[in-house]
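Okay, structure first, notes after.
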Amino acid sequence: GAVVSQHPSWVICKSGTSVKIECRSLDFQATTMFWYRQFPKQSLMLMATSNEGSKATYEQGVEKDKFLINHASLTLSTLTVTSAHPEDSSFYICSPHGTGAYGYTFGSGTRLTVV
Amino acid sequence: QKEVEQDPGPLSVPEGAIVSLNCTYSNSAFQYFMWYRQYSRKGPELLMYTYSSGNKEDGRFTAQVDKSSKYISLFIRDSQPSDSATYLCAMTASGAGSYQLTFGKGTKLSVIP
């Protein structure tokens, strides 16, 4: 169990545009979704936590209007980076958690480059 | 003092060596401990998941937890070049809703053929 699918694996976008990242739990129901960001040679930093059907809780310093999280179903959550800027270039990783998920599994990550 | 301390390395060993990776932590509320392997530009892959103090073995990997010393280790036997990656320790407190993981910085390991 605990198969996670994250798309796209990489994306390049122009400054000012928006990018949507999808995270799916394929064989379990994700009641909670964690979104992380990882800069080069750094560890994972939690951005936000969302529970299915509820608004996300953002970590200090993470702009909720910039990083929109939708967790409308138990198998799909999306992170939209709005009005992206070069400093948003990073590696974004989802981690769904729920019944049937052993441990804490992660998506394969999305490398975002804003030019 | 950070909650989780992990030597970032880099650590370079010859093929076949035994690798020892370690983390210390300060928060006694942490009860669940994990080790992840992360290849470049990939998401972390769960290697070991432990709860109790003591050893847990899975193939070439052994996870060791010493809650009294707030110290965890991952041993890799007969290391292979394919083990070259960054290894992250992670931990979380017990209790409902306490699912947030706290990560170490990661140790970059290179296994030289």
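We label chains A, B, ... in the order they appear in the structure tokens, count residues from 1 in each chain, and number ligands from 1 in the order shown.
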Check: which chain B residues lie within 9 Å of chain A using only C-alpha atoms, as a VMD selection string: chain B and resid 34 41 to 46 48 to 49 88 99 to 106
All strand (DSSP E) positions in region 37-84 of chain A, as a list in words: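 Here are the strand (DSSP E) residues of region 37-84 of chain A: Arg37, Gln38, Met45, Leu46, Met47, Ala48, Thr49, Ser50, Asn51, Thr57, Tyr58, Phe67, Leu68, Ile69, Asn70, Leu76, Ser77, Thr78, Leu79, Thr80 and Val81 of chain A.
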Ile12 (chain A) environment, 12 Å, only C-alpha atoms, sequence neighbours closer than 3 positions dropped, as a PyMOL selection string: chain A and resi 8-9+15+17-20+84-86+88-91+110-115
Residues within 8 Å of Phe61 (chain B), only C-alpha atoms, excluding chain neighbours under 3 positions, as a PyMOL selection string: chain B and resi 57-58+74-77
Region 4-10 of chain B surroundings by only C-alpha atoms, 9 Å radius, close-in-sequence under 4 positions cut, as a ChimeraX atom specification: /B:21-27,86,88-91,102-110
Residues from the last selection, N, CA, C and O atoms, saved as a short mmCIF file (atom, residue, chain, number, x, y, z; two decimals), in the first residue's frame:
data_model
loop_
_atom_site.label_atom_id
_atom_site.label_comp_id
_atom_site.auth_asym_id
_atom_site.auth_seq_id
_atom_site.Cartn_x
_atom_site.Cartn_y
_atom_site.Cartn_z
N LEU B 21 24.96 5.93 9.90
CA LEU B 21 24.37 7.26 9.83
C LEU B 21 23.62 7.52 11.13
O LEU B 21 22.99 6.62 11.67
N ASN B 22 23.70 8.76 11.61
CA ASN B 22 23.15 9.02 12.93
C ASN B 22 22.37 10.33 13.00
O ASN B 22 22.64 11.26 12.25
N CYS B 23 21.45 10.37 13.95
CA CYS B 23 20.72 11.60 14.26
C CYS B 23 20.53 11.67 15.77
O CYS B 23 20.34 10.64 16.42
N THR B 24 20.58 12.87 16.28
CA THR B 24 20.21 13.10 17.67
C THR B 24 19.03 14.05 17.70
O THR B 24 18.82 14.82 16.76
N TYR B 25 18.26 13.95 18.75
CA TYR B 25 17.09 14.82 18.85
C TYR B 25 16.93 15.30 20.29
O TYR B 25 17.47 14.71 21.23
N SER B 26 16.20 16.37 20.44
CA SER B 26 16.06 16.97 21.77
C SER B 26 14.64 16.84 22.32
O SER B 26 14.46 16.92 23.54
N ASN B 27 13.67 16.62 21.46
CA ASN B 27 12.27 16.58 21.89
C ASN B 27 11.89 15.17 22.34
O ASN B 27 11.78 14.26 21.53
N THR B 86 21.16 10.76 -0.57
CA THR B 86 21.08 11.51 0.69
C THR B 86 20.12 10.77 1.62
O THR B 86 19.03 10.37 1.19
N LEU B 88 17.89 10.83 5.01
CA LEU B 88 17.21 11.75 5.93
C LEU B 88 16.62 10.97 7.09
O LEU B 88 15.94 9.97 6.88
N CYS B 89 16.87 11.44 8.30
CA CYS B 89 16.13 10.90 9.43
C CYS B 89 14.91 11.79 9.64
O CYS B 89 14.93 12.98 9.31
N ALA B 90 13.86 11.20 10.16
CA ALA B 90 12.64 11.96 10.43
C ALA B 90 11.96 11.35 11.65
O ALA B 90 12.10 10.17 11.93
N MET B 91 11.22 12.18 12.35
CA MET B 91 10.57 11.69 13.56
C MET B 91 9.32 12.49 13.84
O MET B 91 9.14 13.60 13.33
N THR B 102 9.42 15.89 11.62
CA THR B 102 10.56 16.78 11.75
C THR B 102 11.76 16.06 11.17
O THR B 102 12.06 14.93 11.57
N PHE B 103 12.41 16.70 10.22
CA PHE B 103 13.50 16.07 9.49
C PHE B 103 14.86 16.54 9.96
O PHE B 103 15.02 17.67 10.40
N GLY B 104 15.85 15.65 9.83
CA GLY B 104 17.23 16.08 9.90
C GLY B 104 17.61 16.70 8.57
O GLY B 104 16.84 16.64 7.60
N LYS B 105 18.79 17.29 8.50
CA LYS B 105 19.22 17.96 7.28
C LYS B 105 19.58 16.98 6.17
O LYS B 105 19.63 17.37 5.01
N GLY B 106 19.84 15.73 6.54
CA GLY B 106 20.22 14.74 5.54
C GLY B 106 21.73 14.58 5.47
O GLY B 106 22.47 15.55 5.63
N THR B 107 22.17 13.35 5.26
CA THR B 107 23.59 13.04 5.08
C THR B 107 23.78 12.51 3.66
O THR B 107 23.12 11.55 3.26
N LYS B 108 24.65 13.16 2.92
CA LYS B 108 24.93 12.72 1.55
C LYS B 108 25.99 11.63 1.58
O LYS B 108 27.09 11.83 2.08
N LEU B 109 25.63 10.48 1.05
CA LEU B 109 26.51 9.31 1.04
C LEU B 109 26.94 8.98 -0.37
O LEU B 109 26.11 8.95 -1.29
N SER B 110 28.23 8.74 -0.54
CA SER B 110 28.75 8.25 -1.81
C SER B 110 29.47 6.93 -1.55
O SER B 110 30.34 6.86 -0.68
#
Distance query region 54-63 of chain A at most 12 Å, only C-alpha atoms, self and fewer than 6 positions along chain excluded, as a ChimeraX atom specification: /A:31-37,45-48,69-74,77-83,88 /B:100
Spatial neighbours of Pro14 (chain B), max dist 8 Å, only C-alpha atoms, sep filter under 2 positions, as a VMD selection string: chain B and resid 12 16 to 17 79 111 to 113
